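Below: one structure, written as structure tokens.
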Amino acid sequence: MQFSKLRLTGFKSFVDPTDLFISDGLTGVVGPNGCGKSNLLEALRWVMGENRPTSMRGSGMEDVIFAGAATRPARNFAEVSIHIDNSERLAPQGFNDADHLEIVRRITRDVGSAYKVNGKDVRARDVQMLFADASTGAHSPALVRQGQISELINAKPTARRRILEEAAGISGLYQRRHEAELKLKGAETNLTRVDDVIEQLA
Ligand code: ATP
């Protein structure tokens with residue numbers, strides 16, 4: 001499973017549709033200060049399901065929509081798509097029946113985000129799990145923010161352990177465990193209610 005293209009439309013400074021091709025080997029992005037290099041990395045994180053505006057350097061999620069410039073009006077939506085080459089069929093279960101995956105996230109003002117995988121509507125959770133199972137995602141330590149190295153050096157051991165867990169590909173299991181625990185709690189509550197009803201009937 002390999003990223004092959006990132007397409008941004010109306011995302012931050014990328015008002016017109018812009019493609020970033022990701023070839024084999026190293027892809028470098030160079031440009032003057034403020035030209036949008038970090039915005040590209042944020043677009044990648046966002047399409048993989050990032051939901052914390054602070055990690056997108058904004059105060060609300062709609063801040064990723066092009067806010068307008070002297071000569072261009074603001075946009076009403078932002079869209080990012082990531083194209084994945086899956087010819088080796090390494091995508092996680094449930095998404096592994098096509099040679100090519102296209103994941104699209106679109107945010108519309110006052111409406112919120114919607115996701116699609118190969119044209120089909122999916123939930124944010126499905127996209128987050130897809131990338132977590134592939135040992136990547138919005139919080140992957142492979143995406144290194146400015147200042148993150150010094151944060152890591154000063155981090156507590158438990159925070160550093162997360163990097164090893166990502167590398168071992170088990171971060172998706174935490175999410176599943178959390179969901180299983182919630183279901184278990186729900187079942188326990190239902191059982192208590194059933195006991196109460198039985199007691200009343202007895
Ligand atoms: P540096 O090399 O200084 O780190 P950079 O190339 O990484 O810079 P970015 O930080 O990615 O640049 O881009 C910043 C630019 O994006 C700024 O010009 C800012 O005005 C613009 N920008 C950010 N959010 C929006 C938005 N919602 N609408 C329009 N432009 C935006």
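How things are named: the first chain in the structure tokens is A, the next is B, and so on; residues count from 1 in each chain; ligands count from 1 in the order shown.
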> Can I get the residues close to ligand 1 as an MDAnalysis selection string, where close means within 9 Å and we count only C-alpha atoms and all ligand atoms?
Replying inline: chainID A and resid 10:15 29:42 57:58 62:69 74:75 146
> Could you pull out the alpha helix (DSSP H) residues of segment 28-109 of chain A from DSSP and send them as a list in words?
Replying inline: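 Filtering segment 28-109 of chain A to alpha helix (DSSP H) leaves Lys37, Ser38, Asn39, Leu40, Leu41, Glu42, Ala43, Leu44, Arg45, Trp46 and Val47 of chain A.
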> Within 8 Å of Lys5 of chain A, counting only C-alpha atoms, which residues qualify if same-chain residues fewer than 4 places away don't, as a ChimeraX atom specification?
Replying inline: /A:19-22,82-84
Filtering to C-alpha atoms, could you give me those residues as a JSON list (two decimals), in the first residue's frame?
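Saved as part-v4.json:
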```
[["chain", "number", "residue", "atom", "x", "y", "z"],
["A", 19, "ASP", "CA", -1.72, 17.64, -7.18],
["A", 20, "LEU", "CA", 1.33, 16.44, -5.28],
["A", 21, "PHE", "CA", 2.71, 13.28, -6.85],
["A", 22, "ILE", "CA", 4.44, 10.93, -4.45],
["A", 82, "ILE", "CA", -5.24, 10.70, -1.21],
["A", 83, "HIS", "CA", -4.60, 8.10, -3.89],
["A", 84, "ILE", "CA", -3.13, 4.79, -2.80]]
```
> Taking the backbone alone, and naming residues the way the document does, which bits of segment 93-167 of chain A are strand (DSSP E) by DSSP, as a VMD selection string?
Replying inline: chain A and resid 100 to 108 112 to 117 120 to 122
> Which polymer residues have any atom within 12 Å of an atom of Leu143 of chain A, counting only C-alpha atoms, with same-chain residues fewer than 6 positions away left out, as JSON, numbers by chain?
Replying inline: {"A": [38, 40, 41, 42, 43, 44, 45, 46, 48, 55, 136, 137, 149, 163, 166]}
Please dump the current selection as a PDB file, in the first residue's frame; keep C-alpha atoms.
```pdb
ATOM      1  CA  SER A  38       3.455  22.602   6.061  1.00  0.00           C
ATOM      2  CA  LEU A  40       0.689  19.876   2.501  1.00  0.00           C
ATOM      3  CA  LEU A  41       1.592  17.777   5.526  1.00  0.00           C
ATOM      4  CA  GLU A  42      -1.516  19.016   7.307  1.00  0.00           C
ATOM      5  CA  ALA A  43      -3.629  18.030   4.282  1.00  0.00           C
ATOM      6  CA  LEU A  44      -2.209  14.513   4.517  1.00  0.00           C
ATOM      7  CA  ARG A  45      -2.992  14.337   8.232  1.00  0.00           C
ATOM      8  CA  TRP A  46      -6.469  15.804   7.687  1.00  0.00           C
ATOM      9  CA  MET A  48      -6.503  10.511   7.269  1.00  0.00           C
ATOM     10  CA  SER A  55      -2.979  20.149  15.235  1.00  0.00           C
ATOM     11  CA  THR A 136      -0.102   5.036   9.727  1.00  0.00           C
ATOM     12  CA  GLY A 137      -2.675   7.805  10.180  1.00  0.00           C
ATOM     13  CA  ILE A 149      11.829  16.171  17.972  1.00  0.00           C
ATOM     14  CA  ILE A 163       5.905   5.297  18.722  1.00  0.00           C
ATOM     15  CA  GLU A 166       2.602   2.475  15.968  1.00  0.00           C
TER      16      GLU A 166
END
```
> A:Asp110, A:Glu179, A:Glu50, A:Glu102: which is nearest Gln128 of chain A, counting only C-alpha atoms?
Replying inline: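 Using only C-alpha atoms, Gln128 of chain A sits closest to A:Glu50.
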>> Show me, as a PyMOL selection string, the residues that have an atom within 12 Å of Leu173 of chain A when counting only C-alpha atoms, minus same-chain residues fewer than 6 positions from it.
In response: chain A and resi 129-130+132-135+165-166+179-180
Given the selection you just returned, output its residues as a file containing N, CA and C atoms, formatted as a short mmCIF file (atom, residue, chain, number, x, y, z; two decimals), in the first residue's frame.
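File part-v8.cif, as written:
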```
data_model
loop_
_atom_site.label_atom_id
_atom_site.label_comp_id
_atom_site.auth_asym_id
_atom_site.auth_seq_id
_atom_site.Cartn_x
_atom_site.Cartn_y
_atom_site.Cartn_z
N MET A 129 -9.61 3.90 11.01
CA MET A 129 -9.22 2.51 11.24
C MET A 129 -8.43 1.96 10.05
N LEU A 130 -8.81 2.36 8.85
CA LEU A 130 -8.08 1.91 7.65
C LEU A 130 -6.59 2.27 7.80
N ALA A 132 -5.02 3.26 10.61
CA ALA A 132 -4.42 2.70 11.84
C ALA A 132 -3.99 1.25 11.58
N ASP A 133 -4.84 0.50 10.87
CA ASP A 133 -4.49 -0.89 10.58
C ASP A 133 -3.30 -0.99 9.63
N ALA A 134 -3.08 0.07 8.86
CA ALA A 134 -1.93 0.08 7.95
C ALA A 134 -0.73 0.72 8.64
N SER A 135 -0.82 0.87 9.97
CA SER A 135 0.28 1.45 10.77
C SER A 135 0.63 2.86 10.36
N GLU A 165 4.51 1.32 19.51
CA GLU A 165 3.24 0.64 19.25
C GLU A 165 2.76 0.91 17.82
N GLU A 166 2.97 2.16 17.36
CA GLU A 166 2.60 2.47 15.97
C GLU A 166 3.41 1.60 15.02
N GLU A 179 -13.78 0.45 22.05
CA GLU A 179 -15.16 0.25 21.60
C GLU A 179 -15.77 -0.99 22.25
N ALA A 180 -14.96 -2.06 22.38
CA ALA A 180 -15.45 -3.30 23.01
C ALA A 180 -15.81 -3.03 24.47
#
```
> In Å to one decimal, how far is atom CA of Arg125 of chain A from atom CA of Thr189 of chain A?
Replying inline: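 If I compute the distance from atom CA of Thr189 of chain A to atom CA of Arg125 of chain A, I get 24.9 Å.
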> Could you state the separation of atom CA of Thr108 of chain A and atom CA of Glu79 of chain A in Å, given to one decimal place?
Replying inline: 8.8 Å
